[in-house]
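Peer 1: This is the content of coords.txt (compact mmCIF, C-alpha atoms):
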# COMPACT_ATOMS: atom_id res chain seq x y z
CA MET A 30 10.12 -29.50 -18.08
CA ASP A 31 7.68 -28.54 -20.83
CA ALA A 32 3.99 -28.82 -20.13
CA VAL A 33 2.59 -31.48 -22.42
CA PRO A 34 -1.03 -30.89 -23.42
CA LEU A 35 -3.63 -33.51 -22.76
CA GLY A 36 -3.84 -36.28 -25.30
CA LEU A 37 -0.16 -36.48 -26.09
CA THR A 38 0.76 -38.46 -23.01
CA GLU A 39 -2.08 -40.93 -22.80
CA PRO A 40 -0.68 -44.47 -22.47
CA LEU A 41 0.58 -45.93 -25.72
CA ASP A 42 -0.64 -49.25 -27.02
CA PHE A 43 2.41 -51.45 -27.54
CA ASP A 44 0.31 -54.36 -28.81
CA SER A 45 -1.38 -52.25 -31.46
CA ASP A 46 -0.89 -52.88 -35.14
CA VAL A 47 -0.06 -49.17 -35.40
CA PRO A 48 3.64 -48.67 -34.65
CA VAL A 49 4.39 -46.64 -31.55
CA TYR A 50 6.11 -43.85 -33.49
CA GLU A 51 3.02 -43.56 -35.68
CA GLN A 52 0.74 -43.40 -32.64
CA ILE A 53 2.80 -40.53 -31.28
CA SER A 54 3.02 -38.84 -34.65
CA ASN A 55 -0.78 -39.05 -35.06
CA ARG A 56 -1.31 -37.49 -31.65
CA ILE A 57 0.94 -34.59 -32.54
CA LYS A 58 -0.94 -34.10 -35.80
CA PHE A 59 -4.25 -34.13 -33.91
CA ALA A 60 -2.89 -31.64 -31.41
CA ILE A 61 -1.72 -29.33 -34.19
CA ALA A 62 -5.03 -29.79 -36.03
CA ARG A 63 -7.02 -28.69 -32.99
CA GLN A 64 -4.53 -25.85 -32.53
CA ALA A 65 -3.25 -27.02 -29.17
CA TYR A 66 0.06 -26.07 -30.76
CA ARG A 67 -0.23 -23.06 -33.04
CA PRO A 68 2.11 -22.36 -35.92
CA ASP A 69 5.59 -21.27 -34.80
CA THR A 70 5.12 -22.52 -31.24
CA ARG A 71 7.56 -24.96 -29.77
CA LEU A 72 6.76 -28.65 -29.39
CA PRO A 73 7.88 -30.58 -26.29
CA SER A 74 11.55 -31.53 -26.29
CA VAL A 75 12.57 -35.05 -27.22
CA ARG A 76 13.61 -35.58 -23.63
CA SER A 77 10.36 -34.44 -22.03
CA LEU A 78 8.17 -36.37 -24.46
CA ALA A 79 10.27 -39.52 -24.08
CA ARG A 80 10.04 -39.29 -20.30
CA ASN A 81 6.33 -38.55 -20.29
CA LEU A 82 5.51 -41.44 -22.58
CA VAL A 83 8.22 -43.68 -21.09
CA VAL A 84 9.69 -44.60 -24.47
CA ASN A 85 13.15 -44.64 -25.93
CA PRO A 86 14.13 -41.09 -27.00
CA ASN A 87 15.15 -42.49 -30.39
CA THR A 88 11.46 -43.14 -31.02
CA ILE A 89 10.68 -39.45 -30.49
CA VAL A 90 13.65 -38.45 -32.62
CA ARG A 91 12.17 -40.55 -35.40
CA VAL A 92 8.71 -38.98 -34.96
CA TYR A 93 10.15 -35.49 -35.20
CA ARG A 94 12.35 -36.42 -38.15
CA ASP A 95 9.34 -37.80 -40.04
CA LEU A 96 7.19 -34.78 -39.19
CA GLU A 97 10.00 -32.51 -40.32
CA GLN A 98 10.27 -34.39 -43.59
CA GLU A 99 6.55 -33.84 -44.07
CA GLU A 100 7.34 -30.16 -43.36
CA LEU A 101 4.78 -30.06 -40.57
CA ILE A 102 7.45 -28.96 -38.14
CA TYR A 103 10.83 -27.28 -38.41
CA SER A 104 13.77 -27.36 -36.05
CA LYS A 105 16.08 -24.66 -34.82
CA ARG A 106 19.42 -25.97 -33.77
CA GLY A 107 19.81 -26.00 -30.00
CA VAL A 108 16.38 -24.44 -29.47
CA GLY A 109 13.87 -27.13 -30.35
CA VAL A 110 11.21 -28.04 -32.88
CA PHE A 111 8.40 -25.73 -33.93
CA VAL A 112 5.10 -26.05 -35.73
CA SER A 113 5.34 -24.94 -39.37
CA PRO A 114 3.08 -22.20 -40.71
CA GLN A 115 -0.01 -23.74 -42.29
CA ALA A 116 0.71 -27.04 -40.56
CA ASP A 117 -2.67 -26.85 -38.86
CA GLN A 118 -4.51 -26.92 -42.19
CA ARG A 119 -2.52 -29.89 -43.40
CA CYS A 120 -2.93 -31.68 -40.07
CA ARG A 121 -6.68 -31.22 -40.32
CA LEU A 122 -6.50 -33.05 -43.67
CA ASP A 123 -4.27 -35.74 -42.15
CA ARG A 124 -6.69 -36.06 -39.28
CA LEU A 125 -9.43 -36.88 -41.76
CA VAL A 126 -7.23 -39.50 -43.41
CA ILE A 127 -6.36 -41.09 -40.06
CA VAL A 128 -10.00 -41.21 -38.93
CA GLU A 129 -11.09 -42.48 -42.35
CA GLU A 130 -8.60 -45.32 -42.05
CA LYS A 131 -9.98 -46.24 -38.60
CA LEU A 132 -13.55 -46.21 -39.93
CA ARG A 133 -12.50 -48.30 -42.91
CA GLU A 134 -11.03 -50.89 -40.54
CA ALA A 135 -14.21 -50.87 -38.47
CA LEU A 136 -16.25 -51.27 -41.64
CA GLU A 137 -14.14 -54.26 -42.65
CA VAL A 138 -14.79 -55.87 -39.27
CA ALA A 139 -18.52 -55.25 -39.75
CA ARG A 140 -18.46 -56.76 -43.25
CA ARG A 141 -16.63 -59.83 -42.05
CA ALA A 142 -19.20 -60.20 -39.28
CA ASN A 143 -21.87 -60.08 -42.03
CA LEU A 144 -23.63 -56.95 -40.80
CA ASN A 145 -25.90 -55.52 -43.48
CA ASP A 146 -26.26 -51.85 -44.42
CA LYS A 147 -29.39 -51.40 -42.35
CA GLU A 148 -27.75 -52.78 -39.20
CA LEU A 149 -24.70 -50.64 -39.84
CA GLU A 150 -26.83 -47.53 -40.33
CA GLU A 151 -28.61 -48.13 -37.02
CA LEU A 152 -25.31 -48.69 -35.28
CA TRP A 153 -23.89 -45.47 -36.71
CA GLN A 154 -26.93 -43.45 -35.63
CA ARG A 155 -26.79 -44.90 -32.13
CA LEU A 156 -23.08 -44.19 -31.73
CA ARG A 157 -23.47 -40.63 -32.98
CA LEU A 158 -26.18 -39.96 -30.44
CA GLN A 159 -24.00 -41.39 -27.68
CA SER A 160 -20.90 -39.37 -28.48
CA MET B 145 42.05 -54.21 -31.59
CA THR B 146 40.12 -51.38 -33.11
CA GLY B 147 39.65 -47.79 -32.00
CA ASN B 148 36.52 -46.20 -30.67
CA SER B 149 35.04 -44.28 -33.56
CA LEU B 150 31.37 -43.42 -33.19
CA GLU B 151 30.35 -45.98 -35.78
CA GLU B 152 31.99 -48.85 -33.95
CA PRO B 153 29.53 -50.94 -31.97
CA LEU B 154 30.22 -50.90 -28.24
CA VAL B 155 29.83 -54.64 -28.03
CA ARG B 156 30.64 -57.16 -30.73
CA VAL B 157 30.10 -60.87 -30.19
CA GLU B 158 31.07 -63.37 -32.87
CA ASN B 159 30.42 -67.09 -32.82
CA VAL B 160 30.81 -67.33 -29.06
CA ARG B 161 30.63 -70.79 -27.55
CA ARG B 162 30.82 -71.86 -23.97
CA ASN B 163 30.37 -75.25 -22.35
CA PHE B 164 29.92 -76.17 -18.72
CA GLY B 165 31.18 -79.73 -18.58
CA LYS B 166 29.30 -81.53 -21.31
CA GLU B 167 26.49 -78.99 -21.40
CA GLU B 168 26.68 -76.54 -24.31
CA VAL B 169 25.30 -73.32 -22.87
CA LEU B 170 26.30 -71.01 -25.75
CA LYS B 171 26.46 -72.62 -29.16
CA GLY B 172 27.78 -69.88 -31.42
CA VAL B 173 26.25 -66.52 -30.59
CA ASP B 174 26.59 -63.41 -32.79
CA PHE B 175 25.33 -59.91 -32.10
CA GLU B 176 26.31 -56.28 -31.76
CA VAL B 177 25.27 -53.42 -29.53
CA PRO B 178 25.45 -50.16 -31.50
CA ARG B 179 26.13 -46.85 -29.81
CA GLY B 180 23.02 -44.91 -28.83
CA SER B 181 20.92 -48.03 -28.60
CA VAL B 182 19.08 -49.92 -25.93
CA THR B 183 19.52 -53.54 -26.87
CA ALA B 184 17.52 -56.15 -25.00
CA LEU B 185 18.63 -59.70 -24.53
CA LEU B 186 15.53 -61.84 -24.19
CA GLY B 187 15.34 -65.49 -23.33
CA ARG B 188 13.84 -67.95 -20.92
CA ASN B 189 15.64 -69.14 -17.81
CA GLY B 190 18.63 -71.20 -18.79
CA SER B 191 18.84 -69.79 -22.33
CA GLY B 192 22.37 -68.52 -21.71
CA LYS B 193 21.67 -64.83 -21.03
CA SER B 194 23.61 -64.59 -17.81
CA THR B 195 26.50 -66.66 -19.15
CA LEU B 196 26.72 -64.22 -22.04
CA MET B 197 26.62 -61.23 -19.71
CA ASN B 198 29.34 -62.75 -17.56
CA ILE B 199 31.49 -63.27 -20.64
CA LEU B 200 31.02 -59.63 -21.61
CA ILE B 201 32.26 -58.39 -18.23
CA GLY B 202 35.14 -60.86 -18.22
CA LEU B 203 33.83 -62.89 -15.30
CA LEU B 204 33.74 -66.00 -17.48
CA ASN B 205 36.01 -66.97 -20.32
CA ARG B 206 34.61 -68.17 -23.61
CA ASP B 207 35.63 -71.46 -25.18
CA HIS B 208 35.46 -70.15 -28.70
CA GLY B 209 34.72 -67.02 -30.72
CA GLU B 210 35.48 -63.31 -30.58
CA VAL B 211 34.25 -60.70 -28.13
CA GLU B 212 34.95 -56.98 -28.12
CA VAL B 213 33.65 -54.64 -25.47
CA LEU B 214 34.54 -50.98 -26.05
CA GLY B 215 37.04 -52.31 -28.58
CA HIS B 216 38.79 -54.64 -26.13
CA ASP B 217 38.70 -58.30 -25.31
CA PRO B 218 37.01 -58.56 -21.89
CA GLU B 219 39.33 -61.42 -20.94
CA ASN B 220 42.18 -58.95 -21.01
CA CYS B 221 40.70 -55.55 -20.43
CA PRO B 222 42.69 -52.59 -19.06
CA ILE B 223 41.23 -50.80 -16.03
CA SER B 224 40.85 -47.62 -18.04
CA VAL B 225 38.39 -49.47 -20.27
CA LEU B 226 36.60 -51.18 -17.38
CA ASN B 227 36.07 -47.73 -15.95
CA ARG B 228 34.02 -46.76 -19.03
CA MET B 229 31.42 -49.45 -18.37
CA ALA B 230 29.05 -50.43 -15.60
CA TYR B 231 27.36 -53.67 -14.73
CA VAL B 232 24.27 -54.05 -12.58
CA ASN B 233 22.38 -57.14 -11.53
CA ASP B 234 20.28 -57.81 -8.46
CA ASN B 235 23.29 -59.17 -6.70
CA SER B 236 26.13 -56.81 -7.68
CA ALA B 237 28.42 -55.90 -4.86
CA VAL B 238 27.69 -53.21 -2.32
CA TRP B 239 29.08 -52.79 1.18
CA PRO B 240 26.04 -53.69 3.29
CA TRP B 241 27.38 -52.28 6.54
CA THR B 242 28.24 -48.84 5.16
CA LYS B 243 25.99 -45.81 5.05
CA VAL B 244 24.76 -44.75 1.61
CA LYS B 245 26.97 -41.65 1.69
CA ASP B 246 30.04 -43.78 2.43
CA GLU B 247 29.10 -46.22 -0.29
CA LEU B 248 29.07 -43.28 -2.70
CA LYS B 249 32.51 -42.17 -1.50
CA LEU B 250 33.92 -45.66 -1.92
CA VAL B 251 32.64 -45.99 -5.47
CA LYS B 252 33.77 -42.44 -6.25
CA GLY B 253 37.23 -43.45 -5.11
CA LEU B 254 37.18 -46.39 -7.50
CA ARG B 255 35.74 -44.46 -10.42
CA GLY B 256 37.95 -41.40 -10.14
CA ASP B 257 37.46 -38.61 -12.68
CA ARG B 258 34.42 -40.13 -14.33
CA TRP B 259 32.38 -39.90 -11.14
CA ASN B 260 29.65 -37.24 -11.20
CA ASP B 261 28.59 -36.13 -7.71
CA ASP B 262 25.81 -33.90 -9.00
CA ARG B 263 24.21 -36.74 -10.91
CA ALA B 264 24.47 -39.06 -7.90
CA HIS B 265 22.78 -36.57 -5.59
CA GLU B 266 20.15 -35.60 -8.11
CA LEU B 267 19.13 -39.26 -8.40
CA LEU B 268 19.30 -39.85 -4.64
CA THR B 269 16.92 -36.94 -4.12
CA ARG B 270 14.62 -38.07 -6.89
CA PHE B 271 14.44 -41.60 -5.53
CA ASP B 272 14.16 -40.34 -1.98
CA ILE B 273 17.11 -42.32 -0.62
CA SER B 274 18.56 -40.98 2.60
CA VAL B 275 22.36 -40.80 2.54
CA ASN B 276 22.49 -41.61 6.23
CA LYS B 277 20.80 -45.00 5.91
CA ARG B 278 22.90 -48.11 6.05
CA VAL B 279 22.87 -50.06 2.83
CA GLN B 280 21.60 -53.14 4.63
CA GLN B 281 18.51 -51.24 5.77
CA LEU B 282 17.40 -50.41 2.25
CA SER B 283 14.42 -52.25 0.80
CA LYS B 284 14.94 -54.39 -2.29
CA GLY B 285 13.58 -51.62 -4.51
CA MET B 286 15.73 -48.95 -2.88
CA LEU B 287 18.82 -51.14 -3.14
CA ALA B 288 18.15 -51.65 -6.85
CA ARG B 289 17.83 -47.88 -7.26
CA LEU B 290 21.09 -47.37 -5.36
CA ARG B 291 22.89 -49.83 -7.64
CA ILE B 292 21.64 -47.94 -10.66
CA ILE B 293 22.73 -44.62 -9.16
CA LEU B 294 26.22 -46.00 -8.48
CA ALA B 295 26.40 -47.20 -12.07
CA LEU B 296 25.04 -44.06 -13.73
CA ALA B 297 26.96 -41.54 -11.63
CA SER B 298 30.07 -43.21 -13.03
CA ASP B 299 28.97 -41.93 -16.46
CA PRO B 300 29.56 -45.24 -18.25
CA GLU B 301 29.57 -45.43 -22.04
CA LEU B 302 28.22 -48.94 -21.85
CA ILE B 303 25.79 -50.19 -19.24
CA LEU B 304 25.14 -53.88 -18.84
CA LEU B 305 21.97 -54.62 -16.91
CA ASP B 306 21.42 -58.26 -16.04
CA GLU B 307 17.80 -58.70 -14.92
CA PRO B 308 17.94 -55.40 -13.03
CA ALA B 309 14.21 -55.34 -12.32
CA LEU B 310 13.93 -58.82 -10.85
CA GLY B 311 11.31 -58.74 -8.12
CA LEU B 312 10.87 -54.96 -8.23
CA ASP B 313 7.51 -53.25 -7.91
CA LEU B 314 6.05 -51.08 -10.65
CA PHE B 315 7.35 -47.84 -9.14
CA ALA B 316 10.92 -49.10 -9.00
CA ARG B 317 10.61 -50.42 -12.54
CA ARG B 318 9.34 -47.08 -13.77
CA ASP B 319 12.23 -45.25 -12.10
CA LEU B 320 14.60 -47.68 -13.75
CA LEU B 321 13.05 -47.13 -17.18
CA GLU B 322 13.21 -43.40 -16.67
CA VAL B 323 16.92 -43.34 -15.94
CA MET B 324 17.57 -45.66 -18.86
CA ILE B 325 15.77 -43.22 -21.12
CA GLU B 326 17.83 -40.35 -19.76
CA THR B 327 21.01 -42.31 -20.33
CA VAL B 328 20.48 -43.05 -24.01
CA GLU B 329 19.70 -39.38 -24.60
CA LYS B 330 23.46 -39.06 -24.66
CA GLU B 331 23.88 -40.43 -28.14
CA ASP B 332 27.12 -42.30 -27.75
CA ARG B 333 25.92 -44.28 -24.73
CA ALA B 334 24.46 -47.75 -25.02
CA ILE B 335 22.60 -50.15 -22.78
CA LEU B 336 22.45 -53.91 -23.02
CA ILE B 337 19.69 -55.24 -20.80
CA SER B 338 18.70 -58.81 -20.20
CA SER B 339 15.20 -59.17 -18.90
CA HIS B 340 12.04 -61.23 -18.76
CA LEU B 341 9.89 -58.18 -18.55
CA ILE B 342 8.63 -57.70 -22.05
CA ASP B 343 6.42 -54.75 -20.99
CA ASP B 344 9.50 -52.81 -19.95
CA VAL B 345 11.61 -53.94 -22.85
CA GLU B 346 9.13 -52.89 -25.52
CA ARG B 347 9.13 -49.38 -24.11
CA VAL B 348 12.83 -48.72 -24.11
CA ALA B 349 14.57 -51.18 -26.39
CA ASP B 350 15.32 -50.27 -30.00
CA ARG B 351 16.84 -53.64 -30.66
CA VAL B 352 16.14 -57.09 -29.32
CA ILE B 353 18.08 -60.33 -29.38
CA PHE B 354 16.16 -63.53 -28.72
CA LEU B 355 18.31 -66.24 -27.20
CA LYS B 356 17.05 -69.81 -27.07
CA ASP B 357 19.06 -72.83 -25.95
CA GLY B 358 22.34 -71.01 -26.47
CA LEU B 359 21.56 -69.69 -29.95
CA VAL B 360 20.27 -66.37 -31.28
CA VAL B 361 16.95 -67.33 -32.87
CA ALA B 362 15.92 -63.84 -33.94
CA GLN B 363 17.34 -60.34 -33.65
CA GLY B 364 16.87 -56.88 -35.03
CA GLY B 365 15.26 -53.50 -34.55
CA VAL B 366 11.91 -53.72 -32.78
CA GLU B 367 10.07 -52.06 -35.66
CA ASP B 368 11.85 -54.19 -38.26
CA LEU B 369 10.93 -57.36 -36.42
CA ARG B 370 7.33 -56.22 -36.19
CA GLN B 371 7.32 -55.59 -39.95
CA ARG B 372 8.60 -59.08 -40.62
CA TYR B 373 6.57 -61.09 -38.11
CA ARG B 374 2.93 -61.15 -39.11
CA ARG B 375 -0.09 -63.30 -38.55
CA ALA B 376 -2.56 -63.88 -41.33
CA ARG B 377 -5.85 -65.61 -40.69
CA PHE B 378 -7.16 -67.63 -43.62
CA HIS B 379 -10.55 -68.99 -44.44
CA VAL B 380 -10.07 -72.42 -46.02
CA THR B 381 -12.96 -73.25 -48.31
CA THR B 382 -12.25 -76.90 -48.92
CA ASP B 383 -12.57 -80.01 -46.82
CA ASP B 384 -8.86 -80.71 -47.12
CA PRO B 385 -7.43 -79.29 -43.84
CA HIS B 386 -3.85 -79.60 -45.04
CA ILE B 387 -4.11 -77.47 -48.14
CA LEU B 388 -2.72 -74.33 -46.50
CA LYS B 389 0.11 -76.28 -44.98
CA ARG B 390 1.00 -77.72 -48.39
CA CYS B 391 0.80 -74.34 -50.12
CA THR B 392 3.16 -72.75 -47.60
CA GLU B 393 5.65 -75.60 -47.57
CA GLY B 394 9.11 -74.42 -48.52
CA LEU B 395 8.01 -70.79 -48.85
CA LEU B 396 10.72 -68.48 -47.55
CA GLY B 397 9.26 -66.08 -45.00
CA VAL B 398 6.59 -68.46 -43.77
CA ARG B 399 7.26 -69.80 -40.31
CA ARG B 400 4.36 -72.13 -39.69
CA VAL B 401 0.65 -72.81 -40.03
CA LEU B 402 -1.52 -73.34 -36.99
CA ILE B 403 -5.06 -73.75 -35.85
CA GLU B 404 -5.86 -71.76 -32.75
CA PRO B 405 -7.31 -73.90 -29.98
CA GLY B 406 -11.07 -73.99 -30.35
CA SER B 407 -11.04 -72.74 -33.94
CA PRO B 408 -12.61 -74.76 -36.74
CA HIS B 409 -10.35 -76.31 -39.36
CA SER B 410 -11.72 -73.83 -41.85
CA GLU B 411 -9.87 -71.03 -40.04
CA GLN B 412 -6.13 -71.34 -40.03
CA VAL B 413 -3.36 -68.96 -39.16
CA VAL B 414 -0.12 -68.46 -41.03
CA ILE B 415 2.77 -67.00 -39.09
CA PHE B 416 5.26 -65.17 -41.27
CA ASP B 417 8.76 -64.42 -40.06
CA ASP B 418 9.67 -62.42 -43.13
CA PHE B 419 6.46 -61.08 -44.51
CA ASN B 420 5.96 -59.45 -47.86
CA LYS B 421 2.82 -58.83 -49.85
CA SER B 422 3.77 -61.17 -52.66
CA LEU B 423 3.71 -64.07 -50.20
CA LEU B 424 0.14 -63.25 -49.34
CA ALA B 425 -0.79 -62.82 -53.01
CA LYS B 426 0.75 -66.16 -53.81
CA LEU B 427 -1.34 -67.91 -51.16
CA GLU B 428 -4.49 -66.07 -52.15
CA SER B 429 -4.04 -67.10 -55.75
CA ASN B 430 -5.34 -70.47 -54.57
CA SER B 431 -9.11 -70.18 -54.88
CA ASN B 432 -9.60 -72.25 -51.74
CA LEU B 433 -7.75 -69.77 -49.55
CA ASN B 434 -9.05 -66.37 -48.46
CA ALA B 435 -7.02 -64.14 -46.21
CA LEU B 436 -9.41 -62.72 -43.62
CA GLU B 437 -6.96 -60.42 -41.92
CA THR B 438 -3.25 -59.87 -41.55
CA ARG B 439 -1.60 -57.93 -38.82
CA ARG B 440 1.78 -57.20 -37.34
CA MET B 441 2.62 -59.23 -34.28
CA SER B 442 3.35 -57.46 -31.02
CA LEU B 443 6.76 -57.91 -29.44
CA ARG B 444 5.08 -60.07 -26.83
CA GLU B 445 3.67 -62.37 -29.51
CA ILE B 446 7.04 -62.55 -31.25
CA TYR B 447 8.57 -63.43 -27.88
CA PHE B 448 6.25 -66.39 -27.41
CA GLU B 449 6.59 -67.37 -31.06
CA VAL B 450 10.38 -67.52 -31.22
CA LEU B 451 11.07 -68.65 -27.66
CA GLY B 452 8.14 -70.97 -27.07
CA GLY B 453 7.15 -74.32 -28.49
CA ASN B 454 4.88 -74.69 -31.47
CA GLU B 455 1.50 -74.43 -29.77
CA GLY B 456 -1.43 -74.97 -32.09
CA GLU B 457 0.65 -76.64 -34.80
CA PHE B 458 -1.09 -79.49 -36.53
I'd like the structure from this file rewritten - as structure tokens, please.
Peer 2:
Amino acid sequence: MDAVPLGLTEPLDFDSDVPVYEQISNRIKFAIARQAYRPDTRLPSVRSLARNLVVNPNTIVRVYRDLEQEELIYSKRGVGVFVSPQADQRCRLDRLVIVEEKLREALEVARRANLNDKELEELWQRLRLQS
Amino acid sequence: MTGNSLEEPLVRVENVRRNFGKEEVLKGVDFEVPRGSVTALLGRNGSGKSTLMNILIGLLNRDHGEVEVLGHDPENCPISVLNRMAYVNDNSAVWPWTKVKDELKLVKGLRGDRWNDDRAHELLTRFDISVNKRVQQLSKGMLARLRIILALASDPELILLDEPALGLDLFARRDLLEVMIETVEKEDRAILISSHLIDDVERVADRVIFLKDGLVVAQGGVEDLRQRYRRARFHVTTDDPHILKRCTEGLLGVRRVLIEPGSPHSEQVVIFDDFNKSLLAKLESNSNLNALETRRMSLREIYFEVLGGNEGEF
């Protein structure tokens, strides 16, 4: 069985607003962005990822199909799926987009809770120091 | 009767009705189980799940409607077709006095060419079941695993699982999920599972069928259902608490309006069962209504929504 790098197999959140296939897809993008998988290396097989995450293999098939459509990965028949050249650069961009979206959501929560800019600024500084 | 092309669903149920005496247990049920899918049949106790399962394996006859399993009517199914399916519940027959290895031989004898010894022994090893134990000595979890092994080593195209995880601990349930995942990796196989355990179902099912009082009240792909079922929380800026209810009345795609227990009347929730953005825009065009947030509902929330009562309705 393939070794699956840390991060990919953390428990999924089935109650999340983010669909499961998107959660998995984001993790793969993050892993490519931080070069856990370098260009032209093989990604875990559908089978091993499905077993590790305990999800229906069709979910993984969909993730890989979407990533292939985005040309972040390519598949070789009977061998597996591989990271495309330059995928890491594009995944780093995607990573920004994904994080930006999370921050935007957090910001919306803060606005609805009527936090002002000063309170937000303090919060941001405190969190940055903690991380 | 039709053939078995890859596009044909493995199970087709059309307008199936079944009464027990005066009680209508199934009131016209329709669904399909496509190849390569894990389809979950969800419902509360007494919703008709087991009756439906029993009709699919030919244990019960229907009063009305059409059923095809592997292209055949289960009421009149040749053995060669029966041999391409497997059925497991927490009560399916084993020979309690035999040893596990003899149990395997007996089932192998019944299954003939489809039986796969390697698969049986691989699973026995993985689940740590000793072949020399008598079946009666196995714990509930081990017996459930053995039943699954007997079913899967027969390489069935269609597997019907009727509450297979009833009373099992988390380890046994995980083993069960794992072998289900392995089974659907073969693309032409399909699983129909009836279960209460929404945590397990949301992991492995691609499709769900919600059965309530003998009727299918919702069905579809898990992701499709989660696209359609949404909750939107509104801020109502007028003293009239019924304004949202009036605005949603008759709108297709809106299921109901509710106030969560403990919430003020100024915060109301709309549950959509066929959401689209124009519905939201239409509601927001009323200056007294502000959508605070909308989100997809989890499968668990959809479960309670379609199978439960109307808690919080006002």
Peer 1: Have a look at CA of Asn163 in chain B and CA of Arg228 in chain B and let me know their distance in Å, one decimal.
Peer 2: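 Value for the CA of Asn163 in chain B-CA of Arg228 in chain B distance: 28.9 Å.
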Peer 1: With only C-alpha atoms considered, list every residue of chain A at most 9 Å from chain B, as a PyMOL selection string.
Peer 2: chain A and resi 43-49+75-76+79-80+82-88+141
Peer 1: Rounded to one decimal in Å, what is the spacing between CA of His208 in chain B and CA of Gly365 in chain B?
Peer 2: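 Atom-to-atom, CA of His208 in chain B to CA of Gly365 in chain B, that is 26.8 Å.
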Peer 1: So how many Å separate CA of Leu312 in chain B and CA of Leu78 in chain A, to one decimal?
Peer 2: 24.8 Å
Peer 1: Looking at all atoms listed in the file, which of B:Leu186, B:Ala237, B:Ala309, B:Val160 is the one that sits closest to Gly209 in chain B?
Peer 2: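 Result for the nearest residue to Gly209 in chain B: B:Val160.
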Peer 1: Can you pull out the residues contacting Arg94 in chain A? Cut-off 10 Å, using all atoms listed in the file, and skip same-chain residues under 6 positions away; I want them as a tab-separated table (two decimals) with C-alpha atoms, in the frame of the given file.
Peer 2:
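Output saved as around15.tsv:
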chain	number	residue	atom	x	y	z
A	88	THR	CA	11.46	-43.14	-31.02
A	100	GLU	CA	7.34	-30.16	-43.36
A	102	ILE	CA	7.45	-28.96	-38.14
A	103	TYR	CA	10.83	-27.28	-38.41
A	104	SER	CA	13.77	-27.36	-36.05
A	110	VAL	CA	11.21	-28.04	-32.88
Peer 1: So which residues touch range 264-280 of chain B within 8 Å, counting only C-alpha atoms, skipping near sequence neighbours fewer than 5 positions away, as a PDB file with C-alpha atoms, keeping the file's coordinate frame?
Peer 2:
ATOM      1  CA  VAL B 238      27.690 -53.210  -2.320  1.00  0.00           C
ATOM      2  CA  TRP B 239      29.080 -52.790   1.180  1.00  0.00           C
ATOM      3  CA  PRO B 240      26.040 -53.690   3.290  1.00  0.00           C
ATOM      4  CA  TRP B 241      27.380 -52.280   6.540  1.00  0.00           C
ATOM      5  CA  THR B 242      28.240 -48.840   5.160  1.00  0.00           C
ATOM      6  CA  LYS B 243      25.990 -45.810   5.050  1.00  0.00           C
ATOM      7  CA  VAL B 244      24.760 -44.750   1.610  1.00  0.00           C
ATOM      8  CA  LYS B 245      26.970 -41.650   1.690  1.00  0.00           C
ATOM      9  CA  GLU B 247      29.100 -46.220  -0.290  1.00  0.00           C
ATOM     10  CA  MET B 286      15.730 -48.950  -2.880  1.00  0.00           C
ATOM     11  CA  LEU B 287      18.820 -51.140  -3.140  1.00  0.00           C
ATOM     12  CA  ARG B 289      17.830 -47.880  -7.260  1.00  0.00           C
ATOM     13  CA  LEU B 290      21.090 -47.370  -5.360  1.00  0.00           C
ATOM     14  CA  ILE B 293      22.730 -44.620  -9.160  1.00  0.00           C
ATOM     15  CA  LEU B 294      26.220 -46.000  -8.480  1.00  0.00           C
ATOM     16  CA  LEU B 296      25.040 -44.060 -13.730  1.00  0.00           C
ATOM     17  CA  ALA B 297      26.960 -41.540 -11.630  1.00  0.00           C
ATOM     18  CA  ASP B 319      12.230 -45.250 -12.100  1.00  0.00           C
TER      19      ASP B 319
END
Peer 1: Residues at most 6 Å from range 64-73 of chain A, counting all atoms listed in the file, excluding those fewer than 2 positions away in the same chain, as a list in words?
Peer 2: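 Surrounding residues, per the criterion: Asp31, Ala60, Ile61, Ala62, Val110, Phe111, Val112, Ser113 and Pro114 of chain A.
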Peer 1: Find the spatial neighbours of Arg63 in chain A, counting all atoms listed in the file, within a cut-off of 9 Å - ignore same-chain residues fewer than 5 positions away - and output them as a PyMOL selection string.
Peer 2: chain A and resi 58+117+120-121
